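Below is the file my_file07.txt, which contains compact mmCIF, C-alpha atoms.
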# COMPACT_ATOMS: atom_id res chain seq x y z
CA MET A 1 0.00 0.00 0.00
CA LYS A 2 1.03 3.61 -0.49
CA LEU A 3 1.65 5.26 2.87
CA ALA A 4 0.84 8.76 4.10
CA MET A 5 3.91 10.91 4.59
CA THR A 6 5.23 14.34 5.44
CA GLU A 7 8.11 15.89 3.50
CA ALA A 8 10.65 18.61 4.24
CA GLY A 9 13.91 19.78 2.74
CA GLU A 10 15.90 19.11 -0.41
CA GLY A 11 18.89 16.94 -1.15
CA PRO A 12 19.60 13.21 -0.90
CA PRO A 13 16.44 11.35 0.18
CA LEU A 14 16.10 10.14 3.76
CA ILE A 15 13.18 8.00 4.96
CA LEU A 16 12.05 8.15 8.61
CA LEU A 17 10.00 5.28 10.10
CA HIS A 18 8.30 5.63 13.50
CA GLY A 19 7.72 3.01 16.18
CA LEU A 20 4.63 1.22 17.46
CA PHE A 21 1.72 3.56 18.32
CA GLY A 22 3.61 6.44 16.66
CA ALA A 23 3.24 8.43 13.45
CA ALA A 24 5.30 10.56 11.10
CA GLN A 25 4.57 13.60 13.28
CA ASN A 26 6.76 12.13 16.04
CA TRP A 27 9.79 12.88 13.86
CA GLY A 28 8.84 16.57 13.51
CA ALA A 29 11.83 18.14 15.29
CA VAL A 30 14.33 15.64 13.83
CA GLN A 31 12.87 16.09 10.35
CA LYS A 32 13.19 19.87 10.66
CA ALA A 33 16.78 19.58 11.87
CA LEU A 34 17.80 17.32 8.99
CA ALA A 35 15.85 19.15 6.27
CA PRO A 36 18.65 21.63 5.43
CA ARG A 37 20.80 18.72 4.21
CA PHE A 38 18.31 16.06 3.08
CA ARG A 39 14.94 15.56 1.46
CA VAL A 40 13.35 14.03 4.55
CA LEU A 41 10.27 11.84 4.05
CA ALA A 42 8.56 10.66 7.25
CA PHE A 43 6.05 7.85 6.65
CA ASP A 44 3.01 6.70 8.63
CA LEU A 45 3.36 2.91 8.68
CA ARG A 46 0.28 0.80 7.96
CA ASN A 47 -2.43 0.92 10.64
CA HIS A 48 -0.83 4.11 11.99
CA GLY A 49 -1.45 7.80 11.44
CA ALA A 50 -3.19 8.68 8.18
CA SER A 51 -2.07 5.54 6.31
CA PRO A 52 -4.49 2.80 5.21
CA GLN A 53 -5.42 0.03 7.61
CA ASP A 54 -5.05 -3.69 6.94
CA PRO A 55 -5.18 -6.86 9.08
CA ALA A 56 -1.62 -7.81 8.06
CA MET A 57 1.07 -6.24 10.24
CA ASP A 58 4.12 -8.39 9.51
CA TYR A 59 7.49 -6.86 8.66
CA PRO A 60 7.62 -8.09 5.03
CA ALA A 61 4.31 -6.27 4.41
CA MET A 62 5.56 -3.12 6.14
CA ALA A 63 8.82 -3.20 4.16
CA ALA A 64 6.90 -3.63 0.91
CA ASP A 65 4.76 -0.61 1.80
CA VAL A 66 7.87 1.47 2.41
CA ALA A 67 9.45 0.42 -0.91
CA GLU A 68 6.23 1.19 -2.81
CA THR A 69 5.90 4.61 -1.20
CA MET A 70 9.55 5.44 -1.80
CA ALA A 71 9.13 4.65 -5.50
CA ALA A 72 5.92 6.68 -5.71
CA ALA A 73 7.72 9.63 -4.09
CA GLY A 74 10.53 9.49 -6.66
CA ALA A 75 13.01 8.12 -4.12
CA PRO A 76 13.34 4.42 -5.01
CA ARG A 77 16.74 4.32 -3.27
CA ALA A 78 17.35 6.29 -0.08
CA ALA A 79 18.92 6.33 3.34
CA VAL A 80 16.46 4.78 5.81
CA LEU A 81 16.22 5.53 9.53
CA GLY A 82 13.77 3.59 11.68
CA HIS A 83 13.00 3.57 15.41
CA SER A 84 11.79 0.49 17.30
CA MET A 85 9.08 -1.19 15.15
CA GLY A 86 10.12 1.17 12.36
CA GLY A 87 13.70 0.02 12.85
CA LYS A 88 12.62 -3.57 12.33
CA ALA A 89 10.71 -2.56 9.20
CA ALA A 90 13.82 -0.74 7.99
CA MET A 91 16.01 -3.79 8.64
CA MET A 92 13.55 -6.00 6.78
CA LEU A 93 13.57 -3.59 3.83
CA ALA A 94 17.39 -3.61 3.73
CA LEU A 95 17.52 -7.42 3.88
CA ALA A 96 14.73 -8.03 1.37
CA ARG A 97 15.41 -5.09 -0.96
CA PRO A 98 19.04 -4.02 -0.50
CA ASP A 99 18.84 -2.07 -3.76
CA ALA A 100 16.36 0.31 -2.11
CA VAL A 101 18.53 1.20 0.91
CA GLU A 102 21.55 3.44 0.41
CA ARG A 103 22.44 3.28 4.11
CA LEU A 104 20.57 2.26 7.24
CA VAL A 105 20.14 3.70 10.74
CA VAL A 106 18.46 1.47 13.34
CA ALA A 107 17.34 3.37 16.43
CA ASP A 108 17.17 1.36 19.66
CA VAL A 109 15.97 -2.02 18.47
CA ALA A 110 17.61 -5.33 17.55
CA PRO A 111 16.61 -8.02 15.02
CA VAL A 112 15.31 -10.25 17.81
CA ALA A 113 12.03 -11.19 19.49
CA TYR A 114 11.11 -9.15 22.54
CA THR A 115 8.99 -10.07 25.55
CA PRO A 116 5.28 -9.11 25.32
CA SER A 117 5.67 -6.10 27.60
CA LEU A 118 3.45 -3.74 25.59
CA ARG A 119 0.35 -5.91 25.28
CA GLY A 120 -1.08 -4.36 28.43
CA TYR A 121 -1.04 -0.98 26.71
CA VAL A 122 -3.00 -2.40 23.78
CA ALA A 123 -5.54 -4.08 26.05
CA ALA A 124 -6.07 -0.87 28.02
CA MET A 125 -6.58 1.11 24.83
CA GLN A 126 -9.08 -1.47 23.56
CA ALA A 127 -10.93 -1.40 26.91
CA LEU A 128 -11.40 2.37 26.86
CA GLU A 129 -15.10 3.17 26.43
CA LEU A 130 -15.28 5.56 23.48
CA ARG A 131 -18.54 7.18 24.54
CA PRO A 132 -19.88 10.54 23.37
CA GLY A 133 -18.59 13.29 25.62
CA LEU A 134 -15.45 11.45 26.71
CA THR A 135 -12.70 13.95 27.49
CA ARG A 136 -8.96 13.55 27.08
CA ARG A 137 -8.57 13.92 30.85
CA GLU A 138 -11.00 11.02 31.42
CA ALA A 139 -9.24 8.89 28.83
CA ASP A 140 -5.90 9.62 30.49
CA ALA A 141 -7.29 8.58 33.88
CA ALA A 142 -8.73 5.37 32.43
CA LEU A 143 -5.32 4.34 31.09
CA ALA A 144 -3.39 5.30 34.22
CA GLU A 145 -3.42 1.89 35.93
CA ALA A 146 -2.11 -0.01 32.89
CA VAL A 147 0.14 2.84 31.71
CA PRO A 148 1.48 4.56 34.86
CA ILE A 149 4.03 6.83 33.14
CA PRO A 150 2.29 10.09 32.10
CA GLY A 151 4.55 10.67 29.09
CA ILE A 152 3.73 7.26 27.64
CA ARG A 153 0.01 7.85 28.19
CA ALA A 154 0.29 11.16 26.35
CA PHE A 155 2.11 9.40 23.51
CA LEU A 156 -0.62 6.76 23.23
CA LEU A 157 -3.40 9.33 23.45
CA GLN A 158 -2.02 11.17 20.42
CA ASN A 159 -3.89 8.44 18.54
CA LEU A 160 -7.27 9.27 20.10
CA ARG A 161 -9.34 11.67 18.03
CA PHE A 162 -12.25 13.70 19.38
CA GLU A 163 -13.84 14.84 16.11
CA GLY A 164 -17.41 13.79 15.39
CA GLU A 165 -20.07 12.29 17.64
CA ARG A 166 -17.75 10.06 19.64
CA PRO A 167 -13.97 9.69 20.01
CA PHE A 168 -12.14 7.13 17.90
CA TRP A 169 -8.67 5.62 17.64
CA ARG A 170 -6.84 6.83 14.55
CA LEU A 171 -4.68 3.71 14.43
CA GLY A 172 -5.93 0.24 13.48
CA LEU A 173 -6.00 -0.90 17.08
CA ASP A 174 -7.60 -4.32 16.52
CA ALA A 175 -5.12 -5.18 13.77
CA VAL A 176 -2.23 -4.06 15.98
CA ALA A 177 -3.56 -6.10 18.91
CA ALA A 178 -3.89 -9.25 16.81
CA ALA A 179 -0.40 -8.77 15.36
CA MET A 180 1.49 -8.13 18.61
CA PRO A 181 3.29 -11.52 18.51
CA VAL A 182 4.51 -10.71 14.99
CA ILE A 183 5.46 -7.13 15.89
CA GLU A 184 7.42 -8.35 18.93
CA GLY A 185 9.32 -10.88 16.82
CA PHE A 186 11.60 -10.67 13.82
CA SER A 187 12.34 -13.33 11.18
CA PRO A 188 14.92 -12.26 8.59
CA PRO A 189 14.68 -13.78 5.13
CA SER A 190 16.66 -17.01 4.95
CA GLY A 191 20.27 -16.37 3.98
CA ALA A 192 19.73 -12.62 3.59
CA ARG A 193 22.25 -9.98 4.55
CA TYR A 194 22.72 -6.31 3.81
CA ASP A 195 26.27 -5.21 2.98
CA GLY A 196 25.70 -1.44 2.97
CA PRO A 197 26.66 0.86 5.83
CA VAL A 198 24.59 0.45 9.00
CA LEU A 199 24.55 2.44 12.23
CA VAL A 200 22.76 1.13 15.32
CA VAL A 201 21.98 3.96 17.75
CA SER A 202 21.00 2.99 21.30
CA GLY A 203 19.86 4.96 24.31
CA GLU A 204 22.24 4.76 27.24
CA ARG A 205 19.37 3.92 29.62
CA SER A 206 17.68 1.44 27.26
CA ASP A 207 18.15 -2.33 27.23
CA TYR A 208 16.64 -2.93 23.80
CA VAL A 209 20.07 -3.40 22.19
CA ARG A 210 22.30 -5.59 24.35
CA PRO A 211 25.89 -6.76 23.89
CA GLU A 212 24.66 -10.28 23.10
CA HIS A 213 22.74 -8.87 20.11
CA HIS A 214 25.88 -7.57 18.40
CA ALA A 215 26.82 -10.93 16.86
CA LEU A 216 23.43 -11.18 15.14
CA PHE A 217 23.76 -7.63 13.85
CA HIS A 218 27.18 -8.51 12.42
CA ALA A 219 25.80 -11.65 10.75
CA LEU A 220 22.97 -9.75 9.02
CA PHE A 221 24.76 -6.42 8.55
CA PRO A 222 28.53 -6.96 8.19
CA ALA A 223 29.27 -3.22 7.89
CA VAL A 224 27.52 -2.29 11.14
CA ASP A 225 28.73 0.27 13.67
CA PHE A 226 27.24 1.05 17.06
CA ALA A 227 26.66 4.34 18.89
CA THR A 228 25.16 5.22 22.26
CA VAL A 229 23.25 8.42 23.01
CA PRO A 230 23.95 9.59 26.56
CA GLY A 231 21.09 10.07 28.97
CA ALA A 232 18.47 8.65 26.60
CA GLY A 233 16.12 5.72 26.99
CA HIS A 234 14.20 3.86 24.31
CA TRP A 235 12.75 7.03 22.73
CA VAL A 236 16.30 8.01 21.96
CA HIS A 237 15.56 10.67 19.32
CA ALA A 238 13.10 12.46 21.62
CA GLU A 239 14.89 12.11 24.95
CA ASN A 240 18.22 13.50 23.72
CA GLN A 241 17.61 15.00 20.29
CA ALA A 242 20.96 16.80 20.16
CA GLY A 243 22.85 13.64 21.06
CA PHE A 244 20.87 11.60 18.56
CA LEU A 245 21.52 14.08 15.75
CA ALA A 246 25.21 14.22 16.67
CA ALA A 247 25.39 10.45 16.20
CA VAL A 248 23.38 10.07 13.01
CA THR A 249 24.12 13.21 10.97
CA PRO A 250 27.78 12.46 10.13
CA PHE A 251 26.82 8.88 9.22
CA LEU A 252 23.99 10.02 6.95
CA ALA A 253 26.18 12.67 5.31
CA ALA A 254 29.13 10.32 4.65
Would you mind giving the structure from this file in structure tokens?
Amino acid sequence: MKLAMTEAGEGPPLILLHGLFGAAQNWGAVQKALAPRFRVLAFDLRNHGASPQDPAMDYPAMAADVAETMAAAGAPRAAVLGHSMGGKAAMMLALARPDAVERLVVADVAPVAYTPSLRGYVAAMQALELRPGLTRREADAALAEAVPIPGIRAFLLQNLRFEGERPFWRLGLDAVAAAMPVIEGFSPPSGARYDGPVLVVSGERSDYVRPEHHALFHALFPAVDFATVPGAGHWVHAENQAGFLAAVTPFLAA
């Protein structure tokens, strides 16, 4: 499918892919910072943002969407930067379609299966009664037990829209819920590897990319390098934007 996107800047094309529950808008500050040097295209992945919804949420489907949208945007080959779920989609694109990826940045995720730690968020979002008159404050309170960190609740509630008679989730929540085992996992194509330049950027306070993951990165991406952003957790590009840009900009400009 062709994905919704936002575009800024001119120069070599750079694709930005958000994580689970996110959207292209989450890259706004990073996109603006990189726009003087690159044509920056931030995509809404399927079942997220303004992109079409579909029951399939596996990484081959997401990678195919990205390749189709890149071609439609006149950027069939580009640098690709993905965070979390978007990082897995970016890795799948590089492995399945190496001709489409000029260089790859993977932000705080590894090509491994993760524990089902986010399913409680999905269940809480599904359980929210989307009644007429529901306020954002009430929705926030309803999610508080399952999602105790206010910043994460605010991030999730970016997907709740209050236009019309009753609120609605902008993302394909049921499709996401059904696909959580697939989203948590990662199965690279048999025998595939990507030989182009790769940078893995981790948050100092995050445990998503561990030392034991490095061997798998090297097997799939022989030209991989690693960088750590000080003081940042999993949302590395938001928690220390300056540190994130300091790590990725020289790599992207090389």
Spatial neighbours of A:Pro222, max dist 9 Å, only C-alpha atoms, sep filter under 6 positions, as a short mmCIF file (atom, residue, chain, number, x, y, z; two decimals) with C-alpha atoms, in the coordinates of the input:
data_model
loop_
_atom_site.label_atom_id
_atom_site.label_comp_id
_atom_site.auth_asym_id
_atom_site.auth_seq_id
_atom_site.Cartn_x
_atom_site.Cartn_y
_atom_site.Cartn_z
CA ARG A 193 22.25 -9.98 4.55
CA TYR A 194 22.72 -6.31 3.81
CA ASP A 195 26.27 -5.21 2.98
CA GLY A 196 25.70 -1.44 2.97
CA PRO A 197 26.66 0.86 5.83
CA VAL A 198 24.59 0.45 9.00
#
Which of A:Val147, A:Val176, A:Ala110, A:Ala141 sits closest to A:His218 [using all atoms listed in the file]: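 Checking each of A:Val147, A:Val176, A:Ala110, A:Ala141 against A:His218, counting all atoms listed in the file, the winner is A:Ala110.
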Of the listed residues A:Leu93, A:Tyr208, A:Glu7, A:Ala33, that which approaches A:Ala242 most closely, counting all atoms listed in the file: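 Answer, going by the shortest atom-to-atom distance: A:Ala33.
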Contacts of stretch 19-23 of chain A at 10 Å (all atoms listed in the file; same-chain gap of 2+ positions) as a PyMOL selection string: chain A and resi 4-5+17+25-28+42-51+82-89+107+109+118+121-122+155-159+170-173+176+180+183+235
Non-local contacts of A:Met1 (9 Å; all atoms listed in the file; under 6 positions in same chain excluded) as an NGL selection string: :A and (46 or 51-52 or 61-62 or 64-66 or 68-69)
Point (24.7, 8.2, 18.5), cut-off 6 Å, counting all atoms listed in the file, residues as a PyMOL selection string: chain A and resi 201+227-229+244+247-248
Atom pair atom CA of A:His237 / atom CA of A:Pro111: separation (Å):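 Between these atoms lies a distance of 19.2 Å.
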Contacts of A:Glu184 within 9 Å, all atoms listed in the file, excl. fewer than 3 positions in-chain, as a list of chain:residue names: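 Answer for this query is A:Met85, A:Val112, A:Ala113, A:Tyr114, A:Thr115, A:Pro116, A:Ala179, A:Met180, A:Pro181.
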Shell of 9 Å around A:Pro230, only C-alpha atoms, local chain residues under 6 positions omitted, as a list in words: Ser202, Gly203, Glu204, Arg205, Asn240, Gly243 and Phe244 of chain A
Two-atom distance - atom CA of A:His213, atom CA of A:Met92 (Å):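 For atom CA of A:His213 relative to atom CA of A:Met92, the distance reads 16.4 Å.
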Coordinates-based distance that separates atom CA of A:Lys2 from atom CA of A:Gln53 (Å, one decimal): 11.0 Å
From A:Ala75, A:Ile149, A:Leu143, A:Met70, residue lying nearest A:Gly11 [all atoms listed in the file]: A:Ala75
Top pick for closest residue to A:Leu41, considering A:Met57, A:Ala29, A:Leu130, A:Ala24 and counting only C-alpha atoms: A:Ala24
Fill-in result for stretch 191-211 of chain A, N, CA and C atoms as a PDB file, keeping the file's coordinate frame:
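This went into selection20.pdb:
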ATOM      1  N   GLY A 191      19.026 -16.629   4.700  1.00  0.00           N
ATOM      2  CA  GLY A 191      20.270 -16.370   3.980  1.00  0.00           C
ATOM      3  C   GLY A 191      20.514 -14.923   3.620  1.00  0.00           C
ATOM      4  N   ALA A 192      19.600 -14.022   4.002  1.00  0.00           N
ATOM      5  CA  ALA A 192      19.730 -12.620   3.590  1.00  0.00           C
ATOM      6  C   ALA A 192      20.758 -11.894   4.441  1.00  0.00           C
ATOM      7  N   ARG A 193      21.415 -10.918   3.817  1.00  0.00           N
ATOM      8  CA  ARG A 193      22.250  -9.980   4.550  1.00  0.00           C
ATOM      9  C   ARG A 193      22.317  -8.688   3.748  1.00  0.00           C
ATOM     10  N   TYR A 194      22.612  -7.616   4.443  1.00  0.00           N
ATOM     11  CA  TYR A 194      22.720  -6.310   3.810  1.00  0.00           C
ATOM     12  C   TYR A 194      24.148  -5.817   4.023  1.00  0.00           C
ATOM     13  N   ASP A 195      24.845  -5.550   2.910  1.00  0.00           N
ATOM     14  CA  ASP A 195      26.270  -5.210   2.980  1.00  0.00           C
ATOM     15  C   ASP A 195      26.537  -3.711   3.010  1.00  0.00           C
ATOM     16  N   GLY A 196      25.502  -2.889   2.921  1.00  0.00           N
ATOM     17  CA  GLY A 196      25.700  -1.440   2.970  1.00  0.00           C
ATOM     18  C   GLY A 196      25.997  -0.959   4.377  1.00  0.00           C
ATOM     19  N   PRO A 197      26.330   0.319   4.514  1.00  0.00           N
ATOM     20  CA  PRO A 197      26.660   0.860   5.830  1.00  0.00           C
ATOM     21  C   PRO A 197      25.447   0.923   6.761  1.00  0.00           C
ATOM     22  N   VAL A 198      25.666   0.510   8.003  1.00  0.00           N
ATOM     23  CA  VAL A 198      24.590   0.450   9.000  1.00  0.00           C
ATOM     24  C   VAL A 198      25.097   1.063  10.305  1.00  0.00           C
ATOM     25  N   LEU A 199      24.268   1.890  10.919  1.00  0.00           N
ATOM     26  CA  LEU A 199      24.550   2.440  12.230  1.00  0.00           C
ATOM     27  C   LEU A 199      23.412   2.078  13.169  1.00  0.00           C
ATOM     28  N   VAL A 200      23.734   1.454  14.279  1.00  0.00           N
ATOM     29  CA  VAL A 200      22.760   1.130  15.320  1.00  0.00           C
ATOM     30  C   VAL A 200      22.954   2.134  16.454  1.00  0.00           C
ATOM     31  N   VAL A 201      21.915   2.909  16.740  1.00  0.00           N
ATOM     32  CA  VAL A 201      21.980   3.960  17.750  1.00  0.00           C
ATOM     33  C   VAL A 201      21.112   3.546  18.934  1.00  0.00           C
ATOM     34  N   SER A 202      21.718   3.436  20.102  1.00  0.00           N
ATOM     35  CA  SER A 202      21.000   2.990  21.300  1.00  0.00           C
ATOM     36  C   SER A 202      20.952   4.102  22.328  1.00  0.00           C
ATOM     37  N   GLY A 203      19.923   4.073  23.161  1.00  0.00           N
ATOM     38  CA  GLY A 203      19.860   4.960  24.310  1.00  0.00           C
ATOM     39  C   GLY A 203      20.666   4.378  25.466  1.00  0.00           C
ATOM     40  N   GLU A 204      21.391   5.223  26.140  1.00  0.00           N
ATOM     41  CA  GLU A 204      22.240   4.760  27.240  1.00  0.00           C
ATOM     42  C   GLU A 204      21.426   4.049  28.321  1.00  0.00           C
ATOM     43  N   ARG A 205      20.202   4.500  28.562  1.00  0.00           N
ATOM     44  CA  ARG A 205      19.370   3.920  29.620  1.00  0.00           C
ATOM     45  C   ARG A 205      18.401   2.862  29.094  1.00  0.00           C
ATOM     46  N   SER A 206      18.555   2.445  27.853  1.00  0.00           N
ATOM     47  CA  SER A 206      17.680   1.440  27.260  1.00  0.00           C
ATOM     48  C   SER A 206      18.375   0.081  27.222  1.00  0.00           C
ATOM     49  N   ASP A 207      17.577  -0.979  27.347  1.00  0.00           N
ATOM     50  CA  ASP A 207      18.150  -2.330  27.230  1.00  0.00           C
ATOM     51  C   ASP A 207      17.637  -3.063  25.987  1.00  0.00           C
ATOM     52  N   TYR A 208      17.146  -2.302  25.020  1.00  0.00           N
ATOM     53  CA  TYR A 208      16.640  -2.930  23.800  1.00  0.00           C
ATOM     54  C   TYR A 208      17.766  -3.522  22.946  1.00  0.00           C
ATOM     55  N   VAL A 209      18.923  -2.884  22.932  1.00  0.00           N
ATOM     56  CA  VAL A 209      20.070  -3.400  22.190  1.00  0.00           C
ATOM     57  C   VAL A 209      21.137  -3.781  23.219  1.00  0.00           C
ATOM     58  N   ARG A 210      21.386  -5.077  23.328  1.00  0.00           N
ATOM     59  CA  ARG A 210      22.300  -5.590  24.350  1.00  0.00           C
ATOM     60  C   ARG A 210      23.569  -6.112  23.688  1.00  0.00           C
ATOM     61  N   PRO A 211      24.644  -6.236  24.462  1.00  0.00           N
ATOM     62  CA  PRO A 211      25.890  -6.760  23.890  1.00  0.00           C
ATOM     63  C   PRO A 211      25.723  -8.103  23.197  1.00  0.00           C
TER      64      PRO A 211
END
